[in-house]
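**Q** Compact mmCIF, C-alpha atoms, file final_32.txt:
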# COMPACT_ATOMS: atom_id res chain seq x y z
CA MET A 25 116.70 92.49 64.65
CA ALA A 26 116.35 88.88 65.63
CA MET A 27 119.28 86.75 64.54
CA PRO A 28 119.22 82.96 64.24
CA VAL A 29 120.76 81.15 67.21
CA SER A 30 123.63 79.97 64.99
CA TYR A 31 124.83 83.59 64.73
CA TYR A 32 125.95 83.29 68.37
CA LEU A 33 127.59 79.88 68.00
CA ARG A 34 131.10 78.82 67.11
CA THR A 35 129.58 76.63 64.44
CA SER A 36 132.90 74.86 63.79
CA LYS A 37 132.59 73.36 67.30
CA MET A 38 129.11 71.96 66.62
CA PRO A 39 127.43 69.50 67.02
CA HIS A 40 127.79 69.81 70.80
CA ILE A 41 128.83 66.92 73.05
CA TRP A 42 125.54 66.70 75.00
CA CYS A 43 123.60 63.44 74.74
CA ALA A 44 120.59 63.05 72.46
CA GLY A 45 117.63 64.66 74.24
CA CYS A 46 119.73 66.44 76.90
CA GLY A 47 117.88 69.59 77.92
CA HIS A 48 121.04 71.66 78.14
CA GLY A 49 120.81 72.58 74.46
CA ILE A 50 117.26 73.89 75.00
CA VAL A 51 118.42 76.03 77.93
CA LEU A 52 121.37 77.28 75.91
CA GLY A 53 118.99 78.21 73.11
CA ALA A 54 116.94 80.21 75.63
CA VAL A 55 120.10 82.02 76.81
CA LEU A 56 121.01 82.93 73.22
CA ARG A 57 117.50 84.12 72.37
CA ALA A 58 117.53 86.21 75.54
CA ILE A 59 120.83 87.84 74.57
CA ASP A 60 119.50 88.40 71.06
CA SER A 61 116.26 89.95 72.29
CA LEU A 62 118.25 92.44 74.38
CA GLY A 63 120.22 93.47 71.29
CA LEU A 64 123.56 93.01 73.00
CA ASP A 65 126.73 93.20 70.96
CA LYS A 66 128.77 89.97 71.15
CA ASP A 67 131.82 91.82 72.44
CA GLN A 68 129.74 93.30 75.25
CA VAL A 69 129.01 89.85 76.68
CA CYS A 70 131.24 87.55 78.70
CA VAL A 71 130.04 84.01 79.47
CA VAL A 72 131.76 82.15 82.30
CA SER A 73 131.33 78.54 83.41
CA GLY A 74 132.77 76.03 85.87
CA ILE A 75 132.94 72.26 85.40
CA GLY A 76 130.25 69.80 84.40
CA CYS A 77 127.97 69.12 81.45
CA ALA A 78 126.34 72.56 81.61
CA SER A 79 129.72 74.21 81.90
CA ARG A 80 130.69 72.95 78.45
CA ALA A 81 128.28 75.53 76.99
CA PRO A 82 130.63 78.52 76.60
CA GLY A 83 132.92 76.48 74.34
CA TYR A 84 130.22 76.69 71.67
CA LEU A 85 129.53 80.40 72.09
CA ASP A 86 130.90 83.26 70.03
CA PHE A 87 131.26 85.73 72.92
CA ASN A 88 134.08 86.44 75.32
CA THR A 89 134.09 83.09 77.13
CA LEU A 90 135.86 81.51 80.07
CA HIS A 91 135.71 77.87 81.19
CA THR A 92 137.06 77.76 84.74
CA THR A 93 137.56 75.36 87.66
CA HIS A 94 134.82 73.43 89.43
CA GLY A 95 132.39 75.66 91.32
CA ARG A 96 134.43 78.82 90.71
CA ALA A 97 132.65 80.35 87.73
CA ILE A 98 131.07 83.06 89.90
CA ALA A 99 134.43 83.86 91.50
CA PHE A 100 136.03 84.37 88.07
CA ALA A 101 132.96 86.26 86.90
CA THR A 102 133.26 88.55 89.94
CA GLY A 103 136.78 89.44 88.84
CA ILE A 104 135.65 90.18 85.30
CA LYS A 105 132.73 92.32 86.47
CA MET A 106 134.99 94.30 88.82
CA VAL A 107 137.42 95.11 86.01
CA LYS A 108 134.77 95.65 83.34
CA PRO A 109 131.58 96.72 85.11
CA GLU A 110 130.06 97.83 81.81
CA MET A 111 130.20 94.27 80.49
CA LYS A 112 127.25 91.84 80.67
CA VAL A 113 128.72 88.94 82.63
CA ILE A 114 126.72 85.72 82.44
CA VAL A 115 127.51 82.55 84.38
CA LEU A 116 126.32 79.21 83.00
CA THR A 117 126.55 76.51 85.65
CA GLY A 118 125.06 73.18 86.67
CA ASP A 119 123.30 72.20 89.88
CA GLY A 120 126.39 70.47 91.28
CA ASP A 121 128.71 73.27 90.20
CA ALA A 122 126.49 76.03 91.63
CA ALA A 123 124.87 74.43 94.69
CA ALA A 124 127.56 72.07 95.96
CA ILE A 125 131.11 72.87 94.90
CA GLY A 126 130.41 76.55 94.30
CA GLY A 127 127.69 77.06 96.90
CA ASN A 128 129.62 79.65 98.84
CA HIS A 129 130.46 81.72 95.77
CA LEU A 130 126.79 81.67 94.84
CA ILE A 131 125.45 82.96 98.15
CA HIS A 132 128.16 85.60 98.55
CA ALA A 133 127.70 86.94 95.03
CA ALA A 134 124.00 87.25 95.88
CA ARG A 135 124.83 88.91 99.22
CA ARG A 136 127.07 91.48 97.50
CA ASN A 137 124.48 91.87 94.76
CA ILE A 138 127.14 92.07 92.07
CA GLY A 139 125.78 92.50 88.55
CA ILE A 140 126.20 88.95 87.27
CA ALA A 141 123.40 86.92 85.67
CA THR A 142 123.63 83.26 86.63
CA VAL A 143 121.73 80.53 84.81
CA CYS A 144 121.78 77.23 86.67
CA PHE A 145 121.09 74.20 84.45
CA ASN A 146 119.43 71.97 87.05
CA ASN A 147 119.21 68.38 85.80
CA SER A 148 119.19 66.97 89.38
CA ILE A 149 122.32 64.88 88.83
CA TYR A 150 126.07 64.92 88.18
CA GLY A 151 125.82 63.86 84.55
CA MET A 152 129.45 64.18 83.49
CA THR A 153 130.61 61.69 86.13
CA ASN A 154 127.83 59.14 85.49
CA GLY A 155 125.01 60.18 87.77
CA GLN A 156 125.90 60.79 91.42
CA TYR A 157 123.20 62.64 93.39
CA SER A 158 123.64 66.38 93.84
CA PRO A 159 122.19 68.88 96.34
CA MET A 160 119.35 69.29 93.83
CA THR A 161 118.39 65.61 93.50
CA PRO A 162 114.80 65.15 94.70
CA THR A 163 114.22 63.04 97.80
CA GLY A 164 113.58 59.41 96.88
CA SER A 165 115.19 59.65 93.43
CA TYR A 166 117.76 57.08 92.40
CA ALA A 167 121.35 57.92 91.57
CA SER A 168 124.58 55.94 91.22
CA THR A 169 125.37 56.99 94.81
CA ALA A 170 121.77 56.52 95.98
CA PRO A 171 120.86 53.02 94.74
CA TYR A 172 118.07 52.75 97.35
CA GLY A 173 116.81 56.29 96.81
CA ASN A 174 118.07 59.69 97.94
CA ILE A 175 117.36 60.38 101.62
CA GLU A 176 118.36 64.07 101.45
CA GLU A 177 116.15 67.10 100.83
CA PRO A 178 117.17 69.26 97.86
CA PHE A 179 117.70 73.00 98.16
CA ASP A 180 115.17 75.43 96.86
CA LEU A 181 117.97 77.27 95.09
CA CYS A 182 115.83 80.25 94.13
CA ASP A 183 114.72 80.80 97.73
CA LEU A 184 118.32 80.39 98.90
CA VAL A 185 119.70 82.94 96.46
CA TYR A 186 116.91 85.43 97.13
CA ALA A 187 117.38 85.08 100.89
CA ALA A 188 121.09 85.72 100.38
CA GLY A 189 120.30 89.08 98.75
CA ALA A 190 119.95 88.74 94.96
CA SER A 191 118.02 91.39 93.04
CA TYR A 192 116.19 88.90 90.82
CA VAL A 193 115.38 85.19 90.96
CA ALA A 194 113.25 83.13 88.61
CA ARG A 195 112.68 79.55 87.57
CA GLY A 196 111.84 78.03 84.22
CA SER A 197 112.23 74.69 82.56
CA ALA A 198 113.42 73.28 79.26
CA TYR A 199 109.80 72.46 78.40
CA HIS A 200 108.75 76.05 79.18
CA ALA A 201 111.47 77.26 76.83
CA ILE A 202 109.85 80.51 75.75
CA LEU A 203 109.10 81.52 79.35
CA LEU A 204 112.67 80.57 80.24
CA TRP A 205 114.02 82.81 77.50
CA LYS A 206 111.96 85.77 78.77
CA LEU A 207 113.10 85.15 82.37
CA ILE A 208 116.76 84.95 81.33
CA ALA A 209 116.39 88.17 79.34
CA LYS A 210 115.05 89.89 82.48
CA ALA A 211 117.87 88.44 84.54
CA ILE A 212 120.51 89.72 82.14
CA ALA A 213 118.87 93.15 82.15
CA THR A 214 118.83 93.23 85.96
CA ASP A 215 121.15 95.68 87.65
CA GLY A 216 122.30 93.50 90.56
CA PHE A 217 122.81 89.77 91.00
CA SER A 218 120.24 87.70 89.13
CA PHE A 219 119.63 83.99 89.13
CA VAL A 220 117.53 81.76 86.90
CA GLU A 221 117.10 78.10 87.73
CA ALA A 222 116.41 76.12 84.57
CA ILE A 223 114.92 72.70 85.24
CA THR A 224 116.37 70.51 82.53
CA GLN A 225 116.51 66.82 81.70
CA CYS A 226 119.33 64.28 81.81
CA PRO A 227 117.76 61.28 80.06
CA THR A 228 121.04 59.37 80.21
CA TYR A 229 121.77 59.30 83.94
CA TYR A 230 118.69 60.66 85.68
CA GLY A 231 115.79 59.59 83.48
CA ARG A 232 116.83 55.99 82.97
CA ARG A 233 117.25 55.45 86.70
CA ASN A 234 114.00 57.18 87.55
CA LYS A 235 111.44 55.53 85.28
CA MET A 236 111.57 58.19 82.58
CA ARG A 237 113.08 56.40 79.64
CA SER A 238 113.22 59.23 77.13
CA ALA A 239 113.78 62.95 76.84
CA VAL A 240 110.19 63.29 75.61
CA GLU A 241 108.87 61.67 78.81
CA MET A 242 111.04 63.97 80.89
CA LEU A 243 109.79 67.07 79.08
CA LYS A 244 106.21 65.89 79.64
CA TRP A 245 107.06 65.54 83.33
CA GLN A 246 108.23 69.18 83.33
CA LYS A 247 105.04 70.22 81.54
CA GLU A 248 102.88 68.45 84.13
CA HIS A 249 104.84 69.50 87.22
CA GLY A 250 105.66 73.14 86.46
CA VAL A 251 103.12 75.49 88.07
CA THR A 252 103.14 79.22 87.39
CA VAL A 253 103.60 81.53 90.36
CA ALA A 254 100.05 82.82 89.90
CA GLY A 255 98.66 79.29 89.68
CA ALA A 256 100.60 78.15 92.73
CA ALA A 257 99.21 81.03 94.81
CA LYS A 258 95.71 79.62 94.31
CA MET A 259 96.62 76.00 95.05
CA PRO A 260 96.50 74.32 98.47
CA ALA A 261 99.95 73.35 99.75
CA GLU A 262 99.30 69.61 99.46
CA ASP A 263 98.59 69.95 95.73
CA LEU A 264 101.95 71.64 95.26
CA ALA A 265 103.89 68.70 96.70
CA GLY A 266 106.29 67.37 94.09
CA LYS A 267 105.59 70.30 91.76
CA PHE A 268 107.85 73.26 91.03
CA ARG A 269 106.94 76.92 90.68
CA ILE A 270 107.91 78.67 87.46
CA GLY A 271 108.12 82.35 86.68
CA GLU A 272 109.49 85.34 88.54
CA LEU A 273 110.00 84.38 92.18
CA GLY A 274 111.58 87.55 93.48
CA ALA A 275 112.59 90.99 92.24
CA ARG A 276 113.77 93.99 94.22
CA THR A 277 116.05 96.97 93.90
CA ARG A 278 119.26 96.93 95.90
CA PRO A 279 122.54 98.79 95.28
CA GLU A 280 124.79 96.97 92.83
CA TYR A 281 128.26 96.05 94.10
CA THR A 282 130.58 97.38 91.39
CA ARG A 283 128.88 100.77 91.53
CA ARG A 284 129.22 100.88 95.29
CA TYR A 285 132.86 100.01 94.82
CA ALA A 286 133.36 102.75 92.24
CA ALA A 287 131.64 105.23 94.57
CA ILE A 288 133.92 104.43 97.48
CA ILE A 289 137.02 104.76 95.29
CA ASP A 290 135.71 108.08 94.10
CA ALA A 291 135.12 109.21 97.70
CA ALA A 292 138.59 108.05 98.75
CA GLN A 293 140.21 109.95 95.89
CA ARG A 294 138.37 113.06 96.96
CA GLY A 295 139.70 112.46 100.45
CA GLU A 296 136.25 111.87 101.91
CA GLY A 297 134.74 109.18 104.08
CA GLY A 298 137.90 107.61 105.47
CA GLU A 299 137.86 106.33 109.05
CA ARG A 300 140.17 109.15 110.17
CA ASP A 301 137.47 111.62 109.13
CA ALA A 302 134.90 109.93 111.34
CA MET B 12 100.53 75.45 43.04
CA PRO B 13 100.87 77.73 46.05
CA GLY B 14 97.89 77.79 48.37
CA SER B 15 96.65 74.22 48.08
CA ILE B 16 93.75 73.33 50.37
CA GLU B 17 96.06 71.67 52.89
CA ALA B 18 98.38 74.63 53.15
CA GLY B 19 95.53 77.11 53.48
CA PRO B 20 95.10 80.20 51.35
CA ALA B 21 98.26 81.69 49.92
CA ILE B 22 99.57 84.58 51.98
CA GLU B 23 101.27 87.32 50.07
CA GLY B 24 105.02 86.97 50.21
CA ARG B 25 104.84 83.65 52.02
CA PRO B 26 107.47 81.27 50.74
CA THR B 27 105.93 78.04 49.57
CA ASP B 28 108.98 75.86 50.17
CA ASN B 29 109.74 73.96 53.39
CA PRO B 30 109.66 76.37 56.36
CA VAL B 31 111.39 73.86 58.71
CA GLU B 32 115.09 73.59 58.09
CA ILE B 33 116.83 70.78 60.01
CA ASN B 34 120.59 70.67 60.19
CA GLN B 35 121.19 66.94 59.71
CA LYS B 36 124.76 67.20 61.02
CA TRP B 37 123.61 68.61 64.37
CA CYS B 38 120.43 66.56 64.89
CA LYS B 39 120.92 63.62 67.26
CA GLY B 40 117.49 62.10 66.68
CA CYS B 41 116.01 62.63 70.17
CA ASP B 42 112.37 62.80 68.91
CA ILE B 43 111.49 65.94 70.91
CA CYS B 44 110.43 67.87 67.80
CA VAL B 45 108.48 64.87 66.52
CA ALA B 46 106.64 64.48 69.83
CA PHE B 47 105.78 68.13 70.47
CA CYS B 48 104.96 69.49 67.00
CA PRO B 49 101.24 70.32 67.30
CA LYS B 50 100.66 69.61 63.59
CA GLU B 51 102.71 66.41 63.18
CA VAL B 52 104.93 68.01 60.58
CA LEU B 53 107.99 66.08 61.69
CA THR B 54 108.89 62.41 61.59
CA ARG B 55 112.00 60.40 62.23
CA PRO B 56 112.87 57.15 60.51
CA GLU B 57 114.11 54.37 62.83
CA GLY B 58 117.72 55.16 63.71
CA GLY B 59 117.70 58.31 61.57
CA LYS B 60 117.41 62.08 61.95
CA ALA B 61 114.33 64.28 62.11
CA GLN B 62 112.68 65.12 58.80
CA ALA B 63 110.03 67.69 57.91
CA ALA B 64 107.77 65.13 56.28
CA HIS B 65 104.67 67.35 56.07
CA PRO B 66 105.90 70.92 55.61
CA GLU B 67 102.53 71.92 54.16
CA LYS B 68 100.96 71.46 57.62
CA CYS B 69 103.48 73.76 59.33
CA THR B 70 102.00 76.86 60.99
CA ARG B 71 105.48 78.26 61.74
CA CYS B 72 104.74 78.33 65.45
CA GLY B 73 108.46 77.77 66.09
CA LEU B 74 108.00 75.30 68.95
CA CYS B 75 110.34 72.74 67.34
CA GLU B 76 113.01 75.42 67.01
CA VAL B 77 112.94 76.45 70.69
CA LEU B 78 112.65 72.85 71.94
CA CYS B 79 115.41 71.41 69.75
CA PRO B 80 118.25 70.52 72.15
CA ASP B 81 120.69 70.28 69.25
CA LEU B 82 119.93 73.84 68.04
CA ALA B 83 119.47 72.14 64.68
CA ILE B 84 116.08 73.56 63.61
CA VAL B 85 115.31 76.91 62.06
CA VAL B 86 111.73 77.80 61.18
CA THR B 87 111.43 80.53 58.60
CA PRO B 88 108.82 83.02 59.75
CA ALA B 89 106.19 83.98 57.22
CA ALA B 90 107.32 87.04 55.31
CA ARG B 91 105.13 90.10 55.79
CA LYS B 92 105.06 93.45 54.13
CA GLY B 93 107.63 95.78 55.62
CA ALA B 94 108.99 93.13 57.98
CA SER B 95 112.62 92.25 58.36
CA PRO B 96 113.35 88.68 57.28
CA ARG B 97 113.43 87.29 60.82
CA GLY B 98 111.85 90.19 62.64
CA GLN B 99 108.19 89.21 62.86
CA GLY B 100 105.71 86.42 63.15
CA GLY B 101 107.96 83.97 64.94
CA VAL B 102 108.02 82.90 68.56
CA SER B 103 110.45 85.74 69.20
CA ASP B 104 107.43 88.01 69.33
CA ALA B 105 105.65 85.85 71.90
Can you give me the file's structure in the form of structure tokens?
**A**
Amino acid sequence: MAMPVSYYLRTSKMPHIWCAGCGHGIVLGAVLRAIDSLGLDKDQVCVVSGIGCASRAPGYLDFNTLHTTHGRAIAFATGIKMVKPEMKVIVLTGDGDAAAIGGNHLIHAARRNIGIATVCFNNSIYGMTNGQYSPMTPTGSYASTAPYGNIEEPFDLCDLVYAAGASYVARGSAYHAILLWKLIAKAIATDGFSFVEAITQCPTYYGRRNKMRSAVEMLKWQKEHGVTVAGAAKMPAEDLAGKFRIGELGARTRPEYTRRYAAIIDAAQRGEGGERDA
Amino acid sequence: MPGSIEAGPAIEGRPTDNPVEINQKWCKGCDICVAFCPKEVLTRPEGGKAQAAHPEKCTRCGLCEVLCPDLAIVVTPAARKGASPRGQGGVSDA
């Protein structure tokens, strides 16, 4: 049965610290509705985060939660999943936390295909430290460290994670909140490593510097620039410039890491498969 | 009287009170719900919090609930025969 979002919150910690109009609350709502739609018991779920605005999320959540060091959420989550493979381990992370500081953990978790669902709150900026550009800041955008515009190209994080070996990658946005919720639900239900990039808005440090003065304007930007995978397939490449694809971007079946690990322990205990037997 | 012209015909079991509940302690007044409500149910006084000013226009689509960044809005789905209180008719079935 569907429960209200507040059922999954530590309501005594609310209201949250995010700015008025920050999209992180919308993404968090999508995560909670996804968990609810899967009918997961609270004790069956562990939510892990690193450092940054997005990483404040688990503090408000009534699950097993862990707020860790910068970029290391996936490393801690790997430990939890190894010890409790039956648990649903969910990482909530920002674009700086996941793509810069924790970039290596991200690609190697995908390579191993360990059963962790990662939701990256991509607001294109380091919000908590006043708006430095991140590896996800679009070229030409302004940031406190790019006062003349960003000269770097951002990652396509979904392509990166899929190329590294993840079982499932998808992208949604705060504006496309219902789609985002469905994508996150699929990610959590995925057997191996899954990754959902959630395009979200930082009106305080990104919007104001980039001619979008309100959260409403930023959500309208997401509405106008998000193109479904099916729609994008029919569009010429030049029309897709500056737009982002939303929906399921990759899904495949690969062996999940903790089960491979359990299998090799099992084989070793039976005295099989060691190098001396080769 | 339930089922005024504006609210449409009365639906059996449908509560006639305000379907949009806004937690005033959590709302930060960002205007997202006001801007995106397709029926202009919501308003916000200058410097204040969101209010359901026209609950009779609400179709219970739930968009304000999923787009509220403060997790402050709950839309009560229309009650239907044999349905659990929150089980049907909301965006969760979308």
**Q** Which residues come within 12 Å of Glu51 (chain B), counting only C-alpha atoms, excluding same-chain residues fewer than 2 positions away, as a PDB file with C-alpha atoms, in the frame of the given file?
**A**
ATOM      1  CA  ASP B  42     112.370  62.800  68.910  1.00  0.00           C
ATOM      2  CA  ILE B  43     111.490  65.940  70.910  1.00  0.00           C
ATOM      3  CA  CYS B  44     110.430  67.870  67.800  1.00  0.00           C
ATOM      4  CA  VAL B  45     108.480  64.870  66.520  1.00  0.00           C
ATOM      5  CA  ALA B  46     106.640  64.480  69.830  1.00  0.00           C
ATOM      6  CA  PHE B  47     105.780  68.130  70.470  1.00  0.00           C
ATOM      7  CA  CYS B  48     104.960  69.490  67.000  1.00  0.00           C
ATOM      8  CA  PRO B  49     101.240  70.320  67.300  1.00  0.00           C
ATOM      9  CA  LEU B  53     107.990  66.080  61.690  1.00  0.00           C
ATOM     10  CA  THR B  54     108.890  62.410  61.590  1.00  0.00           C
ATOM     11  CA  ARG B  55     112.000  60.400  62.230  1.00  0.00           C
ATOM     12  CA  ALA B  61     114.330  64.280  62.110  1.00  0.00           C
ATOM     13  CA  GLN B  62     112.680  65.120  58.800  1.00  0.00           C
ATOM     14  CA  ALA B  63     110.030  67.690  57.910  1.00  0.00           C
ATOM     15  CA  ALA B  64     107.770  65.130  56.280  1.00  0.00           C
ATOM     16  CA  HIS B  65     104.670  67.350  56.070  1.00  0.00           C
ATOM     17  CA  PRO B  66     105.900  70.920  55.610  1.00  0.00           C
ATOM     18  CA  GLU B  67     102.530  71.920  54.160  1.00  0.00           C
ATOM     19  CA  LYS B  68     100.960  71.460  57.620  1.00  0.00           C
ATOM     20  CA  CYS B  69     103.480  73.760  59.330  1.00  0.00           C
ATOM     21  CA  THR B  70     102.000  76.860  60.990  1.00  0.00           C
ATOM     22  CA  LEU B  74     108.000  75.300  68.950  1.00  0.00           C
ATOM     23  CA  CYS B  75     110.340  72.740  67.340  1.00  0.00           C
TER      24      CYS B  75
END
**Q** Enumerate as an MDAnalysis selection string the residues belonging to chain A that approach chain B to within 7 Å, with all atoms listed in the file taken into account.
**A** chainID A and resid 25:27 38:39 44:50 53 201 240
**Q** Show me, as a PyMOL selection string, the residues that have an atom within 7 Å of region 87-101 of chain A when counting only C-alpha atoms, minus same-chain residues fewer than 3 positions from it.
**A** chain A and resi 66-67+69-75+82+104-105+113+115+121-122+125-126+129-130
**Q** Could the residues in this selection be written to a file with C-alpha atoms, as a PDB file, in the frame of the given file?
**A**
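Saved the output as result.pdb:
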ATOM      1  CA  LYS A  66     128.770  89.970  71.150  1.00  0.00           C
ATOM      2  CA  ASP A  67     131.820  91.820  72.440  1.00  0.00           C
ATOM      3  CA  VAL A  69     129.010  89.850  76.680  1.00  0.00           C
ATOM      4  CA  CYS A  70     131.240  87.550  78.700  1.00  0.00           C
ATOM      5  CA  VAL A  71     130.040  84.010  79.470  1.00  0.00           C
ATOM      6  CA  VAL A  72     131.760  82.150  82.300  1.00  0.00           C
ATOM      7  CA  SER A  73     131.330  78.540  83.410  1.00  0.00           C
ATOM      8  CA  GLY A  74     132.770  76.030  85.870  1.00  0.00           C
ATOM      9  CA  ILE A  75     132.940  72.260  85.400  1.00  0.00           C
ATOM     10  CA  PRO A  82     130.630  78.520  76.600  1.00  0.00           C
ATOM     11  CA  ILE A 104     135.650  90.180  85.300  1.00  0.00           C
ATOM     12  CA  LYS A 105     132.730  92.320  86.470  1.00  0.00           C
ATOM     13  CA  VAL A 113     128.720  88.940  82.630  1.00  0.00           C
ATOM     14  CA  VAL A 115     127.510  82.550  84.380  1.00  0.00           C
ATOM     15  CA  ASP A 121     128.710  73.270  90.200  1.00  0.00           C
ATOM     16  CA  ALA A 122     126.490  76.030  91.630  1.00  0.00           C
ATOM     17  CA  ILE A 125     131.110  72.870  94.900  1.00  0.00           C
ATOM     18  CA  GLY A 126     130.410  76.550  94.300  1.00  0.00           C
ATOM     19  CA  HIS A 129     130.460  81.720  95.770  1.00  0.00           C
ATOM     20  CA  LEU A 130     126.790  81.670  94.840  1.00  0.00           C
TER      21      LEU A 130
END
**Q** In Å, with one decimal, what is the gap from CA of Val52 (chain B) to CA of Leu56 (chain A)?
**A**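 Distance reported for this atom pair: 25.3 Å.
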**Q** Report, in Å to a single decimal, how far apart CA of Tyr186 (chain A) and CA of Gly216 (chain A) are.
**A**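 These two atoms are separated by 11.7 Å.
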**Q** Please identify all polymer residues within 7 Å of region 140-154 of chain A, counting all atoms listed in the file, omitting same-chain residues fewer than 6 positions from it, and present them as a PyMOL selection string.
**A** chain A and resi 48+76-78+113-120+122+160-161+211-212+216-226+229-230
**Q** Between CA of Ile138 (chain A) and CA of Ala286 (chain A), what is the distance in Å, rounded to a tenth?
**A**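 So the two atoms, CA of Ile138 (chain A) and CA of Ala286 (chain A), lie 12.4 Å apart.
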**Q** Give, as lines of an AutoDock Vina configuration file, the centre coordinates and the x, y and z edge lengths in Å to one decimal for an axis-aligned box around all listed atoms of region 87-94 of chain A, padded by 6 Å on each side.
**A**
center_x = 134.4
center_y = 79.9
center_z = 81.2
size_x = 18.3
size_y = 25.0
size_z = 28.5
**Q** Within 8 Å of region 203-208 of chain A, counting all atoms listed in the file, which residues qualify if same-chain residues fewer than 4 places away don't, as a ChimeraX atom specification?
**A** /A:51,54-55,57-58,143,194-198,212,220,222,271-272
**Q** Given the choices A:Ala257, A:Ala292, A:Ala134, A:Ala124, which gets closest to Leu273 (chain A) if the distance is worked out from only C-alpha atoms?
**A**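 Among the listed residues, the smallest separation from Leu273 (chain A) belongs to A:Ala257.
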**Q** List every protein, DNA or RNA residue that has at least one atom no more than 10 Å from (101.8, 82.6, 92.1) in the file's coordinates, counting all atoms listed in the file, and write the result as a PyMOL selection string.
**A** chain A and resi 251-259+269-273
**Q** Take the residues from that selection and put them in a file with C-alpha atoms, as a short mmCIF file (atom, residue, chain, number, x, y, z; two decimals), keeping the file's coordinate frame.
**A**
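The result, stored in result_33.cif:
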data_model
loop_
_atom_site.label_atom_id
_atom_site.label_comp_id
_atom_site.auth_asym_id
_atom_site.auth_seq_id
_atom_site.Cartn_x
_atom_site.Cartn_y
_atom_site.Cartn_z
CA VAL A 251 103.12 75.49 88.07
CA THR A 252 103.14 79.22 87.39
CA VAL A 253 103.60 81.53 90.36
CA ALA A 254 100.05 82.82 89.90
CA GLY A 255 98.66 79.29 89.68
CA ALA A 256 100.60 78.15 92.73
CA ALA A 257 99.21 81.03 94.81
CA LYS A 258 95.71 79.62 94.31
CA MET A 259 96.62 76.00 95.05
CA ARG A 269 106.94 76.92 90.68
CA ILE A 270 107.91 78.67 87.46
CA GLY A 271 108.12 82.35 86.68
CA GLU A 272 109.49 85.34 88.54
CA LEU A 273 110.00 84.38 92.18
#
**Q** Since the input has fewer atoms than a full residue there, write region 55-68 of chain B out with N, CA and C atoms, as a short mmCIF file (atom, residue, chain, number, x, y, z; two decimals), in the frame of the given file.
**A**
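selection27.cif was written with the following content:
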data_model
loop_
_atom_site.label_atom_id
_atom_site.label_comp_id
_atom_site.auth_asym_id
_atom_site.auth_seq_id
_atom_site.Cartn_x
_atom_site.Cartn_y
_atom_site.Cartn_z
N ARG B 55 110.61 60.85 62.19
CA ARG B 55 112.00 60.40 62.23
C ARG B 55 112.03 58.91 61.89
N PRO B 56 112.75 58.57 60.83
CA PRO B 56 112.87 57.15 60.51
C PRO B 56 113.69 56.44 61.59
N GLU B 57 113.39 55.18 61.84
CA GLU B 57 114.11 54.37 62.83
C GLU B 57 115.62 54.55 62.66
N GLY B 58 116.26 55.00 63.74
CA GLY B 58 117.72 55.16 63.71
C GLY B 58 118.21 56.36 62.93
N GLY B 59 117.28 57.18 62.41
CA GLY B 59 117.70 58.31 61.57
C GLY B 59 117.54 59.66 62.26
N LYS B 60 117.54 60.70 61.46
CA LYS B 60 117.41 62.08 61.95
C LYS B 60 116.02 62.59 61.63
N ALA B 61 115.66 63.68 62.31
CA ALA B 61 114.33 64.28 62.11
C ALA B 61 114.19 64.81 60.68
N GLN B 62 112.98 64.64 60.14
CA GLN B 62 112.68 65.12 58.80
C GLN B 62 111.38 65.91 58.86
N ALA B 63 111.30 66.96 58.04
CA ALA B 63 110.03 67.69 57.91
C ALA B 63 109.23 66.98 56.83
N ALA B 64 108.46 65.97 57.25
CA ALA B 64 107.77 65.13 56.28
C ALA B 64 106.52 65.81 55.72
N HIS B 65 105.90 66.69 56.52
CA HIS B 65 104.67 67.35 56.07
C HIS B 65 104.77 68.86 56.22
N PRO B 66 105.68 69.46 55.47
CA PRO B 66 105.90 70.92 55.61
C PRO B 66 104.64 71.73 55.32
N GLU B 67 103.74 71.17 54.52
CA GLU B 67 102.53 71.92 54.16
C GLU B 67 101.61 72.12 55.36
N LYS B 68 101.80 71.31 56.43
CA LYS B 68 100.96 71.46 57.62
C LYS B 68 101.54 72.48 58.61
#
